[in-house]
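The next block is upload19.csv, given as CSV, C-alpha atoms and all ligand atoms.
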chain,number,residue,atom,x,y,z
M,59,MET,CA,-59.6,28.9,139.2
M,60,ASN,CA,-61.0,27.0,142.1
M,61,ALA,CA,-58.8,26.2,145.1
M,62,PRO,CA,-57.1,22.8,144.8
M,63,VAL,CA,-59.2,20.0,146.4
M,64,LYS,CA,-57.6,18.5,149.5
M,65,THR,CA,-57.0,14.8,148.7
M,66,GLU,CA,-55.2,13.6,151.8
M,67,ASP,CA,-58.2,13.1,154.0
M,68,ALA,CA,-59.9,9.9,155.2
M,69,PHE,CA,-62.4,10.0,152.3
M,70,HIS,CA,-59.6,9.9,149.7
M,71,GLN,CA,-57.8,7.2,151.5
M,72,LEU,CA,-61.0,5.2,151.4
M,73,ILE,CA,-61.4,5.5,147.7
M,74,HIS,CA,-57.8,4.8,146.9
M,75,GLU,CA,-57.7,1.7,149.0
M,76,ASN,CA,-60.7,0.5,147.0
M,77,HIS,CA,-59.3,1.3,143.6
M,78,MET,CA,-61.1,4.4,142.9
M,79,TRP,CA,-59.9,7.9,142.0
M,80,GLY,CA,-61.8,11.1,141.7
M,81,LEU,CA,-61.7,12.8,138.3
M,82,TRP,CA,-60.7,15.9,140.2
M,83,GLU,CA,-57.4,14.1,141.1
M,84,ILE,CA,-56.5,13.0,137.7
M,85,ALA,CA,-58.0,15.6,135.4
M,86,SER,CA,-54.5,16.9,134.4
M,87,GLN,CA,-54.2,13.7,132.2
M,88,MET,CA,-56.8,15.2,129.9
M,89,THR,CA,-54.1,17.2,128.3
M,90,PRO,CA,-54.8,20.1,125.8
M,91,HIS,CA,-52.7,18.1,123.2
M,92,PRO,CA,-50.9,14.8,123.1
M,93,ARG,CA,-48.0,14.5,125.6
M,94,PRO,CA,-46.2,11.3,124.5
M,95,GLN,CA,-44.1,9.3,126.9
M,96,ALA,CA,-41.9,8.3,124.0
M,97,ILE,CA,-39.2,10.8,123.2
M,98,PRO,CA,-37.7,11.8,119.9
M,99,TYR,CA,-34.6,9.6,119.6
M,100,GLN,CA,-31.9,8.6,117.1
M,101,TRP,CA,-29.9,5.4,116.8
M,102,LYS,CA,-26.8,6.1,114.7
M,103,TRP,CA,-25.7,3.6,112.1
M,104,SER,CA,-22.1,3.7,113.4
M,105,LEU,CA,-23.5,2.2,116.7
M,106,LEU,CA,-26.1,0.0,115.1
M,107,GLU,CA,-23.5,-1.5,112.8
M,108,LYS,CA,-21.1,-2.3,115.7
M,109,VAL,CA,-24.0,-3.9,117.7
M,110,VAL,CA,-25.3,-5.8,114.7
M,111,ARG,CA,-21.8,-7.1,113.9
M,112,GLN,CA,-21.3,-8.2,117.5
M,113,SER,CA,-24.7,-9.8,117.7
M,114,ALA,CA,-23.8,-12.1,114.8
M,115,THR,CA,-21.1,-13.8,117.0
M,116,ALA,CA,-22.6,-13.2,120.4
M,117,VAL,CA,-25.9,-15.0,119.8
M,118,PRO,CA,-26.8,-17.9,117.4
M,119,VAL,CA,-29.9,-17.6,115.3
M,120,GLY,CA,-32.0,-20.1,117.2
M,121,ASP,CA,-35.7,-20.3,117.3
M,122,GLU,CA,-35.8,-16.5,117.8
M,123,ARG,CA,-34.7,-14.1,115.1
M,124,ARG,CA,-31.4,-12.2,115.7
M,125,ALA,CA,-33.1,-8.9,115.7
M,126,MET,CA,-32.0,-6.0,117.9
M,127,GLN,CA,-35.1,-4.2,119.2
M,128,LEU,CA,-34.9,-0.4,119.5
M,129,PHE,CA,-36.4,0.6,122.9
M,130,ASN,CA,-37.5,4.2,123.3
M,131,PRO,CA,-35.7,5.7,126.3
M,132,GLY,CA,-38.9,7.4,127.4
M,133,LEU,CA,-40.9,4.1,127.5
M,134,ASN,CA,-39.4,2.5,130.6
M,135,GLY,CA,-38.1,-0.7,129.0
M,136,GLN,CA,-41.3,-1.5,127.1
M,137,TRP,CA,-41.0,-3.4,123.9
M,138,ALA,CA,-41.6,-0.2,121.8
M,139,THR,CA,-39.8,2.3,119.7
M,140,THR,CA,-42.9,4.6,119.8
M,141,ASN,CA,-46.2,4.0,121.6
M,142,THR,CA,-47.5,1.9,118.7
M,143,LEU,CA,-44.4,0.7,116.7
M,144,ILE,CA,-41.3,-1.3,117.2
M,145,ALA,CA,-38.3,-1.1,115.0
M,146,ALA,CA,-35.4,-3.5,115.0
M,147,VAL,CA,-32.3,-4.3,113.1
M,148,GLN,CA,-32.0,-8.0,112.1
M,149,VAL,CA,-28.9,-9.8,110.8
M,150,LEU,CA,-28.7,-13.1,109.0
M,151,LEU,CA,-25.3,-14.7,108.2
M,152,PRO,CA,-24.7,-16.9,105.1
M,153,GLY,CA,-26.3,-20.3,105.5
M,154,GLU,CA,-28.6,-19.3,108.4
M,155,ILE,CA,-32.3,-19.9,108.7
M,156,ALA,CA,-34.7,-18.2,111.1
M,157,ARG,CA,-37.4,-20.6,112.2
M,158,ALA,CA,-40.9,-20.4,110.6
M,159,HIS,CA,-43.5,-18.8,112.8
M,160,ARG,CA,-46.5,-16.5,112.7
M,161,HIS,CA,-47.9,-13.8,114.9
M,162,THR,CA,-50.8,-11.2,114.9
M,163,PRO,CA,-48.5,-8.2,114.8
M,164,SER,CA,-47.8,-7.3,111.2
M,165,ALA,CA,-44.2,-6.7,110.1
M,166,ILE,CA,-42.4,-4.9,107.3
M,167,ARG,CA,-38.7,-5.1,106.4
M,168,PHE,CA,-36.5,-2.6,104.6
M,169,ILE,CA,-33.3,-4.2,103.4
M,170,MET,CA,-30.3,-2.2,104.5
M,171,GLN,CA,-27.4,-4.4,103.4
M,172,GLY,CA,-26.9,-7.6,101.3
M,173,ASN,CA,-28.7,-9.1,98.4
M,174,GLY,CA,-30.5,-12.4,97.7
M,175,ALA,CA,-31.6,-13.6,101.1
M,176,TYR,CA,-35.3,-14.5,101.4
M,177,THR,CA,-38.3,-14.3,103.6
M,178,ALA,CA,-40.8,-17.0,102.8
M,179,VAL,CA,-44.3,-15.8,103.4
M,180,GLU,CA,-47.1,-18.3,103.4
M,181,GLY,CA,-45.1,-20.7,101.3
M,182,GLU,CA,-43.8,-18.1,98.9
M,183,LYS,CA,-40.1,-17.2,98.8
M,184,VAL,CA,-39.6,-13.5,98.5
M,185,LEU,CA,-36.0,-12.7,97.4
M,186,MET,CA,-34.8,-9.4,98.9
M,187,HIS,CA,-32.2,-6.9,97.7
M,188,GLU,CA,-30.9,-3.6,99.1
M,189,GLY,CA,-33.6,-1.0,99.3
M,190,ASP,CA,-36.5,-3.5,98.8
M,191,PHE,CA,-39.5,-3.1,101.0
M,192,VAL,CA,-41.1,-6.4,102.1
M,193,LEU,CA,-44.3,-7.3,104.0
M,194,THR,CA,-45.3,-10.0,106.4
M,195,ALA,CA,-48.9,-9.3,107.4
M,196,ASN,CA,-50.9,-10.4,110.4
M,197,TRP,CA,-50.8,-14.2,111.0
M,198,GLN,CA,-48.9,-15.1,107.9
M,199,TRP,CA,-46.3,-17.9,108.3
M,200,HIS,CA,-42.8,-16.7,107.7
M,201,ASP,CA,-39.2,-17.9,107.8
M,202,HIS,CA,-36.1,-16.1,106.7
M,203,GLY,CA,-33.1,-17.7,105.0
M,204,ASN,CA,-29.8,-16.6,103.7
M,205,GLU,CA,-28.5,-18.9,100.9
M,206,THR,CA,-26.0,-16.3,99.7
M,207,ASN,CA,-22.3,-15.6,100.7
M,208,GLU,CA,-23.0,-12.2,102.2
M,209,THR,CA,-24.3,-11.1,105.5
M,210,VAL,CA,-27.7,-9.5,105.2
M,211,VAL,CA,-29.1,-6.7,107.4
M,212,TRP,CA,-32.5,-5.3,107.4
M,213,MET,CA,-34.8,-3.1,109.4
M,214,ASP,CA,-37.9,-4.6,110.9
M,215,GLY,CA,-41.0,-2.6,111.7
M,216,LEU,CA,-43.9,-4.1,113.6
M,217,ASP,CA,-47.1,-2.9,115.2
M,218,VAL,CA,-46.3,-4.8,118.4
M,219,PRO,CA,-47.0,-2.1,121.0
M,220,LEU,CA,-50.4,-1.4,119.4
M,221,THR,CA,-51.3,-5.1,119.2
M,222,LYS,CA,-50.2,-5.5,122.8
M,223,ALA,CA,-52.3,-2.4,123.9
M,224,LEU,CA,-55.3,-4.0,122.3
M,225,ASP,CA,-54.5,-7.4,124.0
M,226,CYS,CA,-54.5,-9.1,120.6
M,227,ILE,CA,-51.0,-10.8,120.6
M,228,PHE,CA,-51.0,-14.4,119.3
M,229,PHE,CA,-47.9,-16.3,118.4
M,230,GLU,CA,-47.2,-19.7,117.0
M,231,MET,CA,-43.9,-21.5,116.2
M,232,HIS,CA,-44.0,-23.8,113.1
M,233,LYS,CA,-43.3,-27.4,113.7
M,234,GLU,CA,-40.8,-27.4,110.9
M,235,LEU,CA,-37.7,-25.1,110.6
M,236,LYS,CA,-38.9,-24.0,107.2
M,237,ALA,CA,-42.5,-23.9,106.2
M,238,GLU,CA,-43.1,-25.6,102.8
M,239,HIS,CA,-42.1,-23.3,100.0
M,240,ALA,CA,-44.6,-24.5,97.5
M,241,LYS,CA,-45.5,-21.3,95.6
M,242,PRO,CA,-43.5,-19.6,92.8
M,243,VAL,CA,-40.6,-17.5,94.0
M,244,ASN,CA,-41.6,-13.8,94.1
M,245,GLY,CA,-45.0,-14.8,92.8
M,246,SER,CA,-46.8,-11.9,94.4
M,247,LYS,CA,-44.6,-9.5,92.4
M,248,ALA,CA,-45.6,-11.3,89.2
M,249,LEU,CA,-49.3,-11.0,90.1
M,250,TYR,CA,-49.5,-7.6,91.6
M,251,GLY,CA,-46.3,-5.8,91.0
M,252,HIS,CA,-47.2,-4.2,87.7
M,253,ALA,CA,-48.9,-0.9,88.0
M,254,ASN,CA,-52.4,-0.7,86.6
M,255,LEU,CA,-52.5,-4.4,85.4
M,256,ALA,CA,-54.3,-6.7,87.8
M,257,PRO,CA,-55.0,-10.4,87.5
M,258,THR,CA,-58.7,-11.0,86.7
M,259,TRP,CA,-59.0,-14.5,88.1
M,260,VAL,CA,-58.0,-13.6,91.6
M,261,LYS,CA,-61.0,-13.0,93.9
M,262,GLU,CA,-59.4,-12.5,97.2
M,263,ARG,CA,-59.2,-8.9,98.6
M,264,PRO,CA,-57.1,-9.2,101.7
M,265,ARG,CA,-57.0,-6.3,104.2
M,266,PHE,CA,-53.2,-6.2,103.7
M,267,SER,CA,-51.4,-5.7,100.4
M,268,PRO,CA,-51.2,-9.0,98.5
M,269,LEU,CA,-48.0,-7.6,97.0
M,270,MET,CA,-45.2,-8.9,99.3
M,271,ILE,CA,-42.3,-7.0,97.9
M,272,TYR,CA,-41.8,-3.5,96.5
M,273,SER,CA,-38.5,-3.3,94.7
M,274,PHE,CA,-36.0,-0.5,95.2
M,275,ASP,CA,-35.6,-0.1,91.4
M,276,GLN,CA,-39.3,0.7,91.0
M,277,THR,CA,-39.3,2.9,94.0
M,278,MET,CA,-36.4,5.0,92.8
M,279,GLU,CA,-37.9,5.2,89.3
M,280,ALA,CA,-41.1,6.6,90.8
M,281,LEU,CA,-39.2,9.1,93.0
M,282,HIS,CA,-37.0,10.3,90.1
M,283,ALA,CA,-39.9,10.7,87.7
M,284,LEU,CA,-41.3,13.3,90.2
M,285,ARG,CA,-38.1,15.0,91.2
M,286,ASP,CA,-38.9,18.3,89.3
M,287,ARG,CA,-42.2,18.7,91.1
M,288,ASP,CA,-42.8,20.8,94.1
M,289,GLY,CA,-44.0,17.9,96.2
M,290,SER,CA,-45.1,18.6,99.7
M,291,PRO,CA,-43.7,21.6,101.6
M,292,TYR,CA,-43.5,19.3,104.7
M,293,GLU,CA,-42.4,16.0,103.2
M,294,GLY,CA,-40.8,16.8,99.8
M,295,ILE,CA,-41.3,14.2,97.1
M,296,ALA,CA,-43.0,11.7,99.4
M,297,LEU,CA,-44.7,8.5,98.2
M,298,GLU,CA,-46.7,6.0,100.1
M,299,TYR,CA,-46.3,2.3,99.3
M,300,THR,CA,-49.9,1.3,98.4
M,301,HIS,CA,-52.2,-1.8,98.5
M,302,PRO,CA,-52.5,-2.6,94.7
M,303,GLN,CA,-56.2,-3.4,95.0
M,304,THR,CA,-57.4,-0.5,97.1
M,305,GLY,CA,-54.7,2.2,96.7
M,306,GLY,CA,-54.8,2.5,100.5
M,307,PRO,CA,-52.0,1.7,103.0
M,308,VAL,CA,-50.2,-1.6,102.7
M,309,MET,CA,-51.6,-2.7,106.1
M,310,PRO,CA,-54.6,-1.7,108.3
M,311,THR,CA,-52.1,-0.6,111.0
M,312,MET,CA,-49.1,0.8,109.3
M,313,SER,CA,-48.4,3.3,106.5
M,314,CYS,CA,-45.0,3.1,104.9
M,315,ARG,CA,-43.4,5.9,102.9
M,316,ILE,CA,-40.4,6.8,100.9
M,317,GLN,CA,-39.4,10.4,100.5
M,318,LEU,CA,-36.8,12.3,98.4
M,319,LEU,CA,-35.2,15.5,99.7
M,320,ARG,CA,-33.3,17.1,97.0
M,321,ARG,CA,-29.9,18.8,97.5
M,322,GLY,CA,-30.4,22.0,99.5
M,323,GLU,CA,-34.0,21.2,100.2
M,324,LYS,CA,-35.3,22.4,103.5
M,325,LEU,CA,-38.8,21.4,104.4
M,326,LYS,CA,-41.3,23.2,106.6
M,327,ALA,CA,-42.1,22.2,110.2
M,328,ARG,CA,-45.3,20.3,111.0
M,329,ARG,CA,-46.7,18.1,113.7
M,330,VAL,CA,-49.2,15.3,113.1
M,331,THR,CA,-51.0,12.9,115.4
M,332,GLY,CA,-49.6,9.4,115.3
M,333,SER,CA,-46.0,8.3,115.6
M,334,SER,CA,-43.4,7.2,113.1
M,335,VAL,CA,-40.0,5.7,112.7
M,336,PHE,CA,-37.6,7.0,110.0
M,337,HIS,CA,-34.7,5.2,108.4
M,338,VAL,CA,-32.1,7.0,106.3
M,339,VAL,CA,-31.7,5.1,103.1
M,340,GLN,CA,-29.3,7.6,101.5
M,341,GLY,CA,-27.7,11.0,102.0
M,342,GLN,CA,-27.3,13.4,104.9
M,343,GLY,CA,-29.5,15.8,106.6
M,344,ARG,CA,-30.9,17.3,109.8
M,345,THR,CA,-34.3,17.0,111.4
M,346,LEU,CA,-35.3,19.5,114.0
M,347,ILE,CA,-37.7,17.9,116.4
M,348,ASP,CA,-39.3,20.0,119.1
M,349,GLY,CA,-36.2,22.4,118.9
M,350,ASN,CA,-33.6,19.6,119.0
M,351,ALA,CA,-31.4,19.0,116.0
M,352,PHE,CA,-30.8,15.4,114.9
M,353,ASP,CA,-28.1,15.2,112.3
M,354,TRP,CA,-28.5,12.0,110.3
M,355,GLY,CA,-26.7,9.9,107.7
M,356,LYS,CA,-27.2,6.5,105.9
M,357,GLY,CA,-28.5,3.7,108.2
M,358,ASP,CA,-29.6,5.9,111.1
M,359,ILE,CA,-33.0,5.2,112.6
M,360,ILE,CA,-35.1,7.9,114.3
M,361,ALA,CA,-38.2,7.7,116.5
M,362,LEU,CA,-40.7,10.5,116.1
M,363,PRO,CA,-43.5,10.6,118.7
M,364,SER,CA,-47.0,11.9,118.1
M,365,TRP,CA,-47.5,15.6,117.8
M,366,ALA,CA,-43.7,16.4,117.8
M,367,LEU,CA,-43.0,19.5,115.7
M,368,HIS,CA,-40.5,18.3,113.1
M,369,ALA,CA,-38.8,19.7,110.0
M,370,HIS,CA,-36.4,17.8,107.7
M,371,GLU,CA,-33.5,19.3,105.8
M,372,ASN,CA,-31.1,17.9,103.3
M,373,THR,CA,-27.6,19.1,104.4
M,374,GLY,CA,-25.6,16.8,102.1
M,375,SER,CA,-24.2,17.2,98.6
M,376,GLY,CA,-26.6,14.9,96.9
M,377,ASP,CA,-30.1,13.4,97.2
M,378,ALA,CA,-31.4,12.3,100.6
M,379,ILE,CA,-33.9,9.5,100.9
M,380,LEU,CA,-35.9,8.6,103.9
M,381,PHE,CA,-38.0,5.5,104.5
M,382,SER,CA,-40.6,5.7,107.2
M,383,ILE,CA,-43.4,3.7,108.9
M,384,SER,CA,-46.2,5.2,110.9
M,385,ASP,CA,-49.5,4.3,112.5
M,386,ARG,CA,-51.4,6.8,110.3
M,387,PRO,CA,-54.1,4.3,109.0
M,388,VAL,CA,-55.2,3.6,112.6
M,389,ILE,CA,-55.2,7.3,113.5
M,390,GLU,CA,-57.2,8.2,110.3
M,391,THR,CA,-59.7,5.3,110.7
M,392,LEU,CA,-60.5,6.3,114.2
M,393,GLY,CA,-60.9,10.0,113.3
M,394,PHE,CA,-57.9,11.2,115.3
M,395,TYR,CA,-55.8,12.7,112.5
M,396,ARG,CA,-54.7,16.3,113.0
M,397,GLU,CA,-51.9,18.4,111.9
M,398,ALA,CA,-50.5,21.8,112.8
M,399,THR,CA,-47.6,23.9,111.6
M,400,SER,CA,-46.6,25.5,114.9
H,501,LIG,O1,-38.3,-11.4,111.7
H,501,LIG,O2,-40.2,-12.4,112.1
H,501,LIG,O3,-37.8,-7.8,114.9
H,501,LIG,O4,-41.2,-12.0,114.5
H,501,LIG,C1,-39.5,-9.1,115.8
H,501,LIG,C2,-40.4,-10.2,115.7
H,501,LIG,C3,-38.6,-9.6,113.7
H,501,LIG,C4,-39.3,-11.6,112.4
H,501,LIG,C5,-38.7,-8.8,114.8
H,501,LIG,C6,-40.3,-11.0,114.6
H,501,LIG,C7,-39.4,-10.7,113.6
H,502,FE2,FE,-41.9,-12.8,112.8
As a first step, turn the structure in this file into structure tokens.
Ligand code: GTQ
Ligand code: FE2
Amino acid sequence: MNAPVKTEDAFHQLIHENHMWGLWEIASQMTPHPRPQAIPYQWKWSLLEKVVRQSATAVPVGDERRAMQLFNPGLNGQWATTNTLIAAVQVLLPGEIARAHRHTPSAIRFIMQGNGAYTAVEGEKVLMHEGDFVLTANWQWHDHGNETNETVVWMDGLDVPLTKALDCIFFEMHKELKAEHAKPVNGSKALYGHANLAPTWVKERPRFSPLMIYSFDQTMEALHALRDRDGSPYEGIALEYTHPQTGGPVMPTMSCRIQLLRRGEKLKARRVTGSSVFHVVQGQGRTLIDGNAFDWGKGDIIALPSWALHAHENTGSGDAILFSISDRPVIETLGFYREATS
């Protein structure tokens, strides 16, 4: 090892004053492996529920959505749950409408509570029920409405921090409260929601999945059809929601998954490049992340930074089901994907 370079002299003062730094001063940033600023962190449903309930009376649903954004404590107040993803919990009371708008960050929703509210995407009402997974891709008009008698709560996931890092954020408010809902209700499900049967007259091949809703019934059917398999030693019976035309991820920036951990199942530890956010759909368990135990139950949301060693375990008396979003498609496209088991 060479002796450390002295950096407090007149020469270094000169370069710093003129917005220059020597590589010898900052070389420690070229770390041997990722060192995320985001930390592993868990938001418990008991807390989320209280906050969501209070938000419903504390703030009206005005032009902005009533969505509680989950800020990672390691990211100094940035609008980010991990370095690339933001997760939020949104609540819509009976009769409420969230104004139509569009933005370049892509969004997904996972319905936590309540049935029958809608997101209208590009003029198509998508009716949502518990456990459904819903898409609002890059630059698509969307408004949310609750024409039912129950409060609905869902998790939002967006690629906001990534879009911001790339300086590609655009946003536009619609001049109307509701965009025109001219298309058939749940039309994308009729067109693309039947495995292995695709409409021959449709020529568009969008970069995002043209299927706007993946219903919980179909998801559970798929998981249970595979419950006697070994699955992955790291993820259990894990399925990716796919783009029906390409078989790839639902969006260019986000991969979304659902995984079943059977009673007593204890998965092996692994680290991967890229960050994710988990949401507990059902059951109880424990995830060890870099040596810290996170005990989870239904409704909890957990941030998992890049390269954190993690292992999931079902500690409950029945199945456990985890939904997750990650930036994997970006990582893979750019050639950065790596994994390690220690
Ligand atoms: O529901 O359209 O959590 O635009 C953040 C930004 C939700 C939404 C969020 C949004 C939305
Ligand atoms: Fe939005």
Identify, counting all atoms listed in the file, the protein, DNA and RNA residues located within 9 Å of ligand LIG 501 (chain H), and give them as an NGL selection string. :M and (122-127 or 144-148 or 156-161 or 163-167 or 177 or 194 or 200-202 or 213-216 or 218 or 229)
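Of the residues listed (M:Ala366, M:Asp385, M:Pro219, M:Met186), M:Ala366 shows the shortest atom-to-atom separation from Asn350 (chain M); distances use all atoms listed in the file.
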Find the residues near Leu325 (chain M): any atom within 10 Å, counting all atoms listed in the file, skip ones fewer than 6 places away on the same chain, and give them as a list of chain:residue names.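 Selected residues are M:Ser290, M:Pro291, M:Tyr292, M:Glu293, M:Gly294, M:Leu319, M:Thr345, M:His368, M:Ala369, M:His370, M:Glu371, M:Asn372.
Take CA of Thr304 (chain M) and atom FE of ligand FE2 502 (chain H): the distance between them is 25.3 Å.
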Point-to-point distance in Å for CA of Ser273 (chain M) and CA of Lys183 (chain M):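 It comes out at 14.6 Å.
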Could you tell me how far CA of Leu81 (chain M) lies from CA of Pro94 (chain M), in Å and to one decimal? 20.8 Å
Close residues, Leu220 (chain M) itself excluded, 8 Å, all atoms listed in the file, min 6 positions apart in chain, as a list in words: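 Near neighbours after the sequence-gap exclusion: Asn141, Thr142 and Leu143 of chain M.
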When you count all atoms listed in the file, which of these residues is closest to ligand FE2 502 (chain H): M:Ser313, M:Asn196, M:Gln95, M:Asn207?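 For ligand FE2 502 (chain H), the nearest of the given residues is M:Asn196.
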List the neighbours of region 240-257 of chain M out to 7 Å using all atoms listed in the file; skip same-chain residues closer than 2 positions along the sequence, and give me the result as a PDB file with C-alpha atoms, keeping the file's coordinate frame.
ATOM      1  CA  GLY M 181     -45.100 -20.700 101.300  1.00  0.00           C
ATOM      2  CA  GLU M 182     -43.800 -18.100  98.900  1.00  0.00           C
ATOM      3  CA  LYS M 183     -40.100 -17.200  98.800  1.00  0.00           C
ATOM      4  CA  VAL M 184     -39.600 -13.500  98.500  1.00  0.00           C
ATOM      5  CA  LEU M 185     -36.000 -12.700  97.400  1.00  0.00           C
ATOM      6  CA  GLU M 238     -43.100 -25.600 102.800  1.00  0.00           C
ATOM      7  CA  TRP M 259     -59.000 -14.500  88.100  1.00  0.00           C
ATOM      8  CA  VAL M 260     -58.000 -13.600  91.600  1.00  0.00           C
ATOM      9  CA  PRO M 268     -51.200  -9.000  98.500  1.00  0.00           C
ATOM     10  CA  LEU M 269     -48.000  -7.600  97.000  1.00  0.00           C
ATOM     11  CA  MET M 270     -45.200  -8.900  99.300  1.00  0.00           C
ATOM     12  CA  ILE M 271     -42.300  -7.000  97.900  1.00  0.00           C
ATOM     13  CA  PRO M 302     -52.500  -2.600  94.700  1.00  0.00           C
TER      14      PRO M 302
END
Taking only C-alpha atoms and all ligand atoms into account, which of M:Asp121, M:Glu397, M:Glu154, M:Glu298 comes nearest ligand FE2 502 (chain H)? M:Asp121
Protein, DNA and RNA residues within 9 Å of (-30.6, 17.8, 107.3), all atoms listed in the file, as an NGL selection string: :M and (322-324 or 342-346 or 351-355 or 369-374 or 378)
Of the residues M:Gly135, M:Thr331, M:Ile295, M:Ala116, which is the one nearest to Arg93 (chain M), using all atoms listed in the file? M:Thr331
Of the listed residues M:Asp217, M:Pro90, M:Leu128, M:Ser113, that which approaches ligand FE2 502 (chain H) most closely, counting only C-alpha atoms and all ligand atoms: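 Closest to ligand FE2 502 (chain H) of all the choices is M:Asp217.
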Report as a compact mmCIF listing (two decimals) with C-alpha atoms, in the coordinates of the input all protein, DNA and RNA residues lying within 8 Å of His301 (chain M), evaluated on all atoms listed in the file, omitting residues in the same chain fewer than 4 positions from it.
# COMPACT_ATOMS: atom_id res chain seq x y z
CA PHE M 266 -53.20 -6.20 103.70
CA SER M 267 -51.40 -5.70 100.40
CA PRO M 268 -51.20 -9.00 98.50
CA LEU M 269 -48.00 -7.60 97.00
CA GLY M 305 -54.70 2.20 96.70
CA GLY M 306 -54.80 2.50 100.50
CA PRO M 307 -52.00 1.70 103.00
CA VAL M 308 -50.20 -1.60 102.70
CA MET M 309 -51.60 -2.70 106.10
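Proximity ranking of M:Ala327, M:Met278, M:Lys222, M:Val149 relative to Val119 (chain M) places M:Val149 first, based on all atoms listed in the file.
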